[in-house]
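Source file: structure01.cif (mmCIF, C-alpha atoms)
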data_model
#
loop_
_atom_site.label_atom_id
_atom_site.label_comp_id
_atom_site.auth_asym_id
_atom_site.auth_seq_id
_atom_site.Cartn_x
_atom_site.Cartn_y
_atom_site.Cartn_z
CA THR A 1 -169.56 -87.96 12.27
CA LEU A 2 -170.53 -91.42 13.43
CA HIS A 3 -172.30 -93.61 10.89
CA VAL A 4 -173.72 -97.08 11.46
CA ASP A 5 -174.16 -99.27 8.40
CA SER A 6 -176.54 -101.81 9.91
CA SER A 7 -176.94 -103.77 6.69
CA ASN A 8 -173.22 -104.67 6.66
CA ASN A 9 -172.61 -104.43 10.44
CA ARG A 10 -170.07 -101.64 9.99
CA VAL A 11 -169.34 -98.44 11.85
CA GLY A 12 -167.84 -95.38 10.20
CA ILE A 13 -166.17 -92.48 12.00
CA GLY A 14 -165.70 -89.55 9.64
CA THR A 15 -167.19 -91.53 6.74
CA THR A 16 -170.68 -92.60 5.74
CA SER A 17 -169.41 -95.60 3.75
CA PRO A 18 -167.28 -97.69 6.14
CA GLN A 19 -165.19 -100.36 4.38
CA ARG A 20 -164.42 -102.48 7.43
CA THR A 21 -166.15 -103.39 10.70
CA LEU A 22 -164.68 -100.18 12.14
CA HIS A 23 -163.50 -97.54 9.68
CA GLN A 24 -162.07 -94.23 10.89
CA HIS A 25 -161.46 -91.63 8.19
CA GLU A 26 -159.75 -88.22 8.27
CA SER A 27 -161.01 -85.99 5.46
CA SER A 28 -157.70 -84.10 5.23
CA SER A 29 -154.05 -85.24 5.17
CA ALA A 30 -153.78 -84.80 8.93
CA ALA A 31 -152.86 -87.54 11.39
CA ASN A 32 -155.51 -90.09 12.28
CA TYR A 33 -154.97 -91.95 15.56
CA HIS A 34 -156.63 -94.19 18.09
CA LEU A 35 -155.50 -93.48 21.67
CA PHE A 36 -155.50 -96.19 24.37
CA THR A 37 -155.10 -95.24 28.06
CA ASN A 38 -155.92 -96.54 31.50
CA THR A 39 -155.65 -95.32 35.09
CA GLY A 40 -151.98 -96.26 35.26
CA THR A 41 -150.98 -94.34 32.13
CA GLY A 42 -153.11 -91.25 32.69
CA SER A 43 -155.58 -89.91 30.15
CA THR A 44 -153.88 -86.94 28.43
CA ALA A 45 -152.95 -86.85 24.74
CA GLY A 46 -149.37 -87.77 25.70
CA ASP A 47 -150.31 -90.87 27.70
CA GLY A 48 -150.83 -94.50 26.77
CA GLY A 49 -150.33 -95.75 23.25
CA ILE A 50 -151.50 -94.71 19.80
CA VAL A 51 -152.21 -96.61 16.61
CA GLY A 52 -152.90 -94.94 13.29
CA ILE A 53 -151.29 -92.95 10.48
CA ASP A 54 -149.39 -89.69 10.83
CA ALA A 55 -149.58 -86.61 8.62
CA ASN A 56 -147.02 -88.18 6.25
CA GLU A 57 -149.16 -91.32 5.91
CA ASN A 58 -146.71 -93.44 7.91
CA LEU A 59 -148.27 -96.25 9.92
CA ILE A 60 -147.78 -95.62 13.65
CA LEU A 61 -147.63 -98.10 16.53
CA TRP A 62 -146.45 -95.76 19.28
CA ASN A 63 -145.89 -96.39 22.98
CA GLN A 64 -145.90 -93.06 24.82
CA GLU A 65 -145.03 -94.66 28.14
CA SER A 66 -141.62 -95.76 29.51
CA THR A 67 -142.62 -99.41 29.08
CA ASN A 68 -142.04 -102.24 26.64
CA LEU A 69 -143.58 -102.84 23.22
CA ARG A 70 -144.47 -106.52 22.76
CA LEU A 71 -145.38 -108.55 19.66
CA ALA A 72 -146.63 -112.13 19.77
CA THR A 73 -147.80 -115.05 17.64
CA ASN A 74 -149.46 -118.32 18.71
CA ASN A 75 -150.11 -116.71 22.11
CA THR A 76 -146.35 -116.43 22.70
CA GLU A 77 -144.23 -113.30 22.81
CA ARG A 78 -141.81 -113.26 19.85
CA LEU A 79 -140.32 -109.77 19.86
CA LEU A 80 -139.88 -107.15 22.55
CA ILE A 81 -138.59 -103.57 22.34
CA ASP A 82 -137.80 -102.30 25.80
CA ALA A 83 -138.15 -98.74 27.04
CA VAL A 84 -134.62 -97.72 25.97
CA GLY A 85 -134.77 -99.36 22.52
CA ARG A 86 -133.10 -102.74 23.08
CA VAL A 87 -134.67 -105.50 20.97
CA GLY A 88 -135.18 -109.03 22.20
CA ILE A 89 -136.27 -111.86 19.90
CA GLY A 90 -137.16 -114.90 21.95
CA THR A 91 -136.26 -113.10 25.19
CA SER A 92 -138.15 -110.56 27.28
CA SER A 93 -134.99 -109.27 28.97
CA PRO A 94 -132.32 -108.20 26.45
CA SER A 95 -130.90 -105.93 29.17
CA SER A 96 -129.66 -109.02 31.06
CA PHE A 97 -127.02 -109.71 28.39
CA ASN A 98 -123.59 -108.09 28.04
CA SER A 99 -124.07 -104.32 27.69
CA TYR A 100 -121.58 -104.19 24.80
CA ALA A 101 -123.86 -106.40 22.68
CA ASN A 102 -127.46 -106.25 23.90
CA THR A 103 -128.96 -103.80 21.39
CA LEU A 104 -130.31 -106.87 19.58
CA VAL A 105 -130.49 -110.24 21.35
CA VAL A 106 -131.80 -113.42 19.70
CA VAL A 107 -132.57 -116.45 21.88
CA THR A 108 -133.99 -119.83 20.84
CA SER A 109 -134.06 -123.27 22.40
CA THR A 110 -132.43 -124.84 19.32
CA ASN A 111 -130.15 -123.42 16.59
CA THR A 112 -129.81 -119.63 16.38
CA GLY A 113 -128.51 -117.81 13.33
CA LEU A 114 -128.65 -114.85 11.00
CA THR A 115 -128.70 -115.16 7.21
CA LEU A 116 -127.89 -112.30 4.81
CA SER A 117 -129.02 -113.26 1.32
CA GLY A 118 -128.87 -111.47 -2.04
CA ASN A 119 -128.85 -112.25 -5.75
CA ASN A 120 -125.98 -114.33 -7.15
CA ALA A 121 -123.85 -111.65 -8.87
CA SER A 122 -120.33 -110.30 -8.52
CA THR A 123 -121.76 -106.79 -8.07
CA ASN A 124 -123.81 -107.80 -5.03
CA TYR A 125 -122.55 -108.16 -1.47
CA SER A 126 -123.82 -109.32 1.91
CA GLY A 127 -122.09 -107.56 4.74
CA LEU A 128 -121.95 -106.42 8.30
CA HIS A 129 -120.47 -102.98 8.92
CA PHE A 130 -119.25 -101.43 12.18
CA ALA A 131 -119.43 -97.65 12.21
CA ALA A 132 -118.87 -94.60 14.37
CA GLY A 133 -121.80 -92.44 13.36
CA THR A 134 -121.89 -92.86 9.58
CA THR A 135 -118.15 -93.56 9.27
CA VAL A 136 -117.41 -97.26 8.71
CA ARG A 137 -114.55 -98.50 10.91
CA ALA A 138 -114.61 -102.21 10.04
CA TYR A 139 -116.63 -104.66 8.00
CA ILE A 140 -117.20 -108.27 7.11
CA ASP A 141 -118.65 -108.93 3.68
CA GLN A 142 -119.07 -111.57 1.01
CA GLN A 143 -119.21 -111.00 -2.75
CA LEU A 144 -122.29 -112.93 -3.89
CA SER A 145 -120.97 -114.87 -6.85
CA SER A 146 -119.73 -118.46 -7.03
CA THR A 147 -116.13 -117.19 -7.11
CA GLY A 148 -116.68 -114.16 -4.89
CA ARG A 149 -114.17 -113.08 -2.30
CA MET A 150 -114.81 -112.63 1.43
CA SER A 151 -113.34 -109.75 3.44
CA LEU A 152 -112.66 -109.18 7.12
CA PHE A 153 -111.42 -105.60 7.08
CA ASN A 154 -110.28 -103.10 9.71
CA MET A 155 -110.39 -99.61 8.21
CA ALA A 156 -109.06 -97.97 11.37
CA ASN A 157 -105.34 -97.57 12.11
CA GLY A 158 -105.39 -100.31 14.71
CA TYR A 159 -104.64 -103.99 15.09
CA MET A 160 -106.84 -107.07 14.70
CA ASN A 161 -106.59 -109.79 17.30
CA PHE A 162 -107.77 -113.39 17.39
CA GLY A 163 -108.19 -115.52 20.47
CA THR A 164 -109.29 -118.84 21.91
CA ASN A 165 -110.04 -119.90 25.49
CA ASN A 166 -110.34 -116.22 26.47
CA THR A 167 -106.69 -115.63 25.48
CA GLU A 168 -105.28 -113.66 22.56
CA ARG A 169 -103.41 -116.03 20.22
CA MET A 170 -102.58 -113.94 17.15
CA ARG A 171 -102.46 -110.25 16.27
CA ILE A 172 -102.23 -108.50 12.91
CA LYS A 173 -100.74 -105.07 13.54
CA SER A 174 -101.62 -101.93 11.61
CA ASP A 175 -98.30 -102.09 9.73
CA GLY A 176 -99.04 -105.65 8.53
CA ASP A 177 -96.79 -107.55 10.96
CA ILE A 178 -98.26 -110.75 12.36
CA GLU A 179 -97.56 -111.73 15.96
CA ILE A 180 -98.34 -115.17 17.41
CA ASN A 181 -98.37 -114.70 21.16
CA THR A 182 -98.81 -118.32 22.25
CA GLY A 183 -98.74 -121.63 20.41
CA ASN A 184 -96.99 -122.72 17.22
CA LEU A 185 -97.55 -122.07 13.55
CA LYS A 186 -98.37 -125.49 12.08
CA PHE A 187 -98.86 -126.64 8.49
CA GLY A 188 -101.02 -129.72 8.28
CA THR A 189 -100.12 -130.70 4.71
CA ALA A 190 -96.71 -132.04 3.67
CA GLY A 191 -94.85 -129.76 1.31
CA LYS A 192 -96.59 -126.62 2.51
CA GLY A 193 -94.76 -123.84 4.31
CA ILE A 194 -93.73 -120.20 4.10
CA SER A 195 -93.05 -118.95 0.59
CA PHE A 196 -90.55 -116.18 -0.17
CA SER A 197 -91.29 -116.24 -3.91
CA GLU A 198 -92.35 -112.59 -4.00
CA THR A 199 -88.67 -111.67 -3.80
CA SER A 200 -86.03 -112.37 -6.44
CA ASP A 201 -83.35 -113.71 -4.13
CA ALA A 202 -83.40 -117.34 -5.28
CA SER A 203 -81.23 -117.11 -8.35
CA GLY A 204 -80.10 -120.60 -9.26
CA LYS A 205 -82.33 -122.21 -6.62
CA THR A 206 -85.23 -124.55 -7.28
CA SER A 207 -87.57 -123.20 -4.59
CA GLU A 208 -88.11 -120.33 -2.17
CA LEU A 209 -90.45 -122.39 0.01
CA PHE A 210 -89.45 -122.87 3.65
CA ASP A 211 -91.27 -126.12 4.34
CA ASP A 212 -89.30 -127.89 7.08
CA TYR A 213 -87.51 -127.06 10.30
CA GLU A 214 -85.98 -129.26 12.97
CA GLU A 215 -84.00 -128.64 16.11
CA GLY A 216 -81.99 -131.03 18.31
CA THR A 217 -78.59 -132.38 19.30
CA TRP A 218 -76.26 -134.91 17.68
CA THR A 219 -72.87 -136.47 18.16
CA PRO A 220 -70.44 -135.57 15.35
CA THR A 221 -67.38 -137.73 14.75
CA VAL A 222 -64.34 -136.33 12.98
CA THR A 223 -61.62 -138.71 11.73
CA ALA A 224 -58.14 -137.31 11.14
CA GLY A 225 -54.92 -139.33 10.73
CA GLY A 226 -56.63 -142.53 11.85
CA SER A 227 -57.90 -141.02 15.10
CA ALA A 228 -61.59 -140.27 15.80
CA PHE A 229 -62.80 -137.36 17.91
CA SER A 230 -66.41 -136.98 19.07
CA THR A 231 -68.42 -134.53 21.14
CA THR A 232 -71.97 -134.55 22.52
CA ASN A 233 -72.26 -130.77 22.81
CA ALA A 234 -73.13 -130.01 19.17
CA SER A 235 -76.59 -128.86 18.08
CA TYR A 236 -78.35 -128.15 14.79
CA VAL A 237 -81.36 -126.30 13.40
#

Translate the structure described by the file into structure tokens.
Amino acid sequence: TLHVDSSNNRVGIGTTSPQRTLHQHESSSAANYHLFTNTGTGSTAGDGGIVGIDANENLILWNQESTNLRLATNNTERLLIDAVGRVGIGTSSPSSFNSYANTLVVVTSTNTGLTLSGNNASTNYSGLHFAAGTTVRAYIDQQLSSTGRMSLFNMANGYMNFGTNNTERMRIKSDGDIEINTGNLKFGTAGKGISFSETSDASGKTSELFDDYEEGTWTPTVTAGGSAFSTTNASYV
């Protein structure tokens, strides 16, 4: 039924009391769609795009073609979902980025970032999980209290590696061993070092902190019976 409410300049489809300029009503709980097609898409029920509500009252914005879905503000495209589901924010070509990480691509001309925010409480967390199916393999999370802990956690039986300049520098193995492949382990504060205090092997000692190490050569001199002997081949650590 098509109804024109000329006094309010409204058109009703399926209703005699339209509430907006164009009001389309389905008198049952069935789906209620608008279909948009052109010559390029074809004109069957499976062509083009639909806007409306489905039989479960979900709002539908549905592209039935193998093309992109585009959203814009201020006459500028802001978000694009391509035909295979990749999402670009600020870019119309998320597929041009590394295939290992182009499911979601965010591009801006200034700073780019992602903020995960929740209420300040020790029972709340912000996190990023990496999963195979529904099984979490690794995660990064932050407990959202002023004294909350942060975790970088590998739940798989594998190692974690860290690198700079496209080179692996450190690896934490699955058994807990730490390997430094290149470079030195440096402590930037005097009096800091490697502590062995978890063991009880320092009976009678004042500290189990290994905080200094030097290596080089020296010239020892030994005096015996008034005669001095020296060598330049000694070394120390």

Give as an MDAnalysis selection string the residues that the PyMOL selection byres ((chain A and resi 97-106) around 12) matches when applied to the coordinates above. chainID A and resid 78:96 107:114

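Put simply, CA of Asp211 (chain A) is 8.3 Å away from CA of Ser195 (chain A).
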
Between CA of Thr115 (chain A) and CA of Met160 (chain A) - distance in Å to one decimal: 24.5 Å

What is the CA of Tyr213 (chain A)-CA of Met170 (chain A) distance in Å, reported with one decimal?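 According to the coordinates, CA of Tyr213 (chain A) and CA of Met170 (chain A) are separated by 21.1 Å.
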
Mind telling me what the PyMOL selection byres ((chain A and resi 145) around 10) catches here, as a list in words?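 Evaluating the PyMOL selection byres ((chain A and resi 145) around 10) on this file yields Gly118, Asn119, Asn120, Ala121, Ser122, Thr123, Asn124, Tyr125, Gln142, Gln143, Leu144, Ser146, Thr147, Gly148 and Arg149 of chain A.
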
Please enumerate the residues selected by the PyMOL selection byres ((chain A and resi 57) around 10) when evaluated against the supplied file, formatted as an mmCIF file with C-alpha atoms, in the coordinates of the input.
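Final output, result.cif:
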data_model
loop_
_atom_site.group_PDB
_atom_site.id
_atom_site.type_symbol
_atom_site.label_atom_id
_atom_site.label_comp_id
_atom_site.auth_asym_id
_atom_site.auth_seq_id
_atom_site.Cartn_x
_atom_site.Cartn_y
_atom_site.Cartn_z
ATOM 1 C CA SER A 29 -154.050 -85.240 5.170
ATOM 2 C CA ALA A 30 -153.780 -84.800 8.930
ATOM 3 C CA ALA A 31 -152.860 -87.540 11.390
ATOM 4 C CA ASN A 32 -155.510 -90.090 12.280
ATOM 5 C CA GLY A 52 -152.900 -94.940 13.290
ATOM 6 C CA ILE A 53 -151.290 -92.950 10.480
ATOM 7 C CA ASP A 54 -149.390 -89.690 10.830
ATOM 8 C CA ALA A 55 -149.580 -86.610 8.620
ATOM 9 C CA ASN A 56 -147.020 -88.180 6.250
ATOM 10 C CA ASN A 58 -146.710 -93.440 7.910
ATOM 11 C CA LEU A 59 -148.270 -96.250 9.920
ATOM 12 C CA ILE A 60 -147.780 -95.620 13.650
#

Residues near Asn181 (chain A), cut-off 8 Å, all atoms listed in the file, skip fewer than 3 positions along chain, as an MDAnalysis selection string: chainID A and resid 168:171
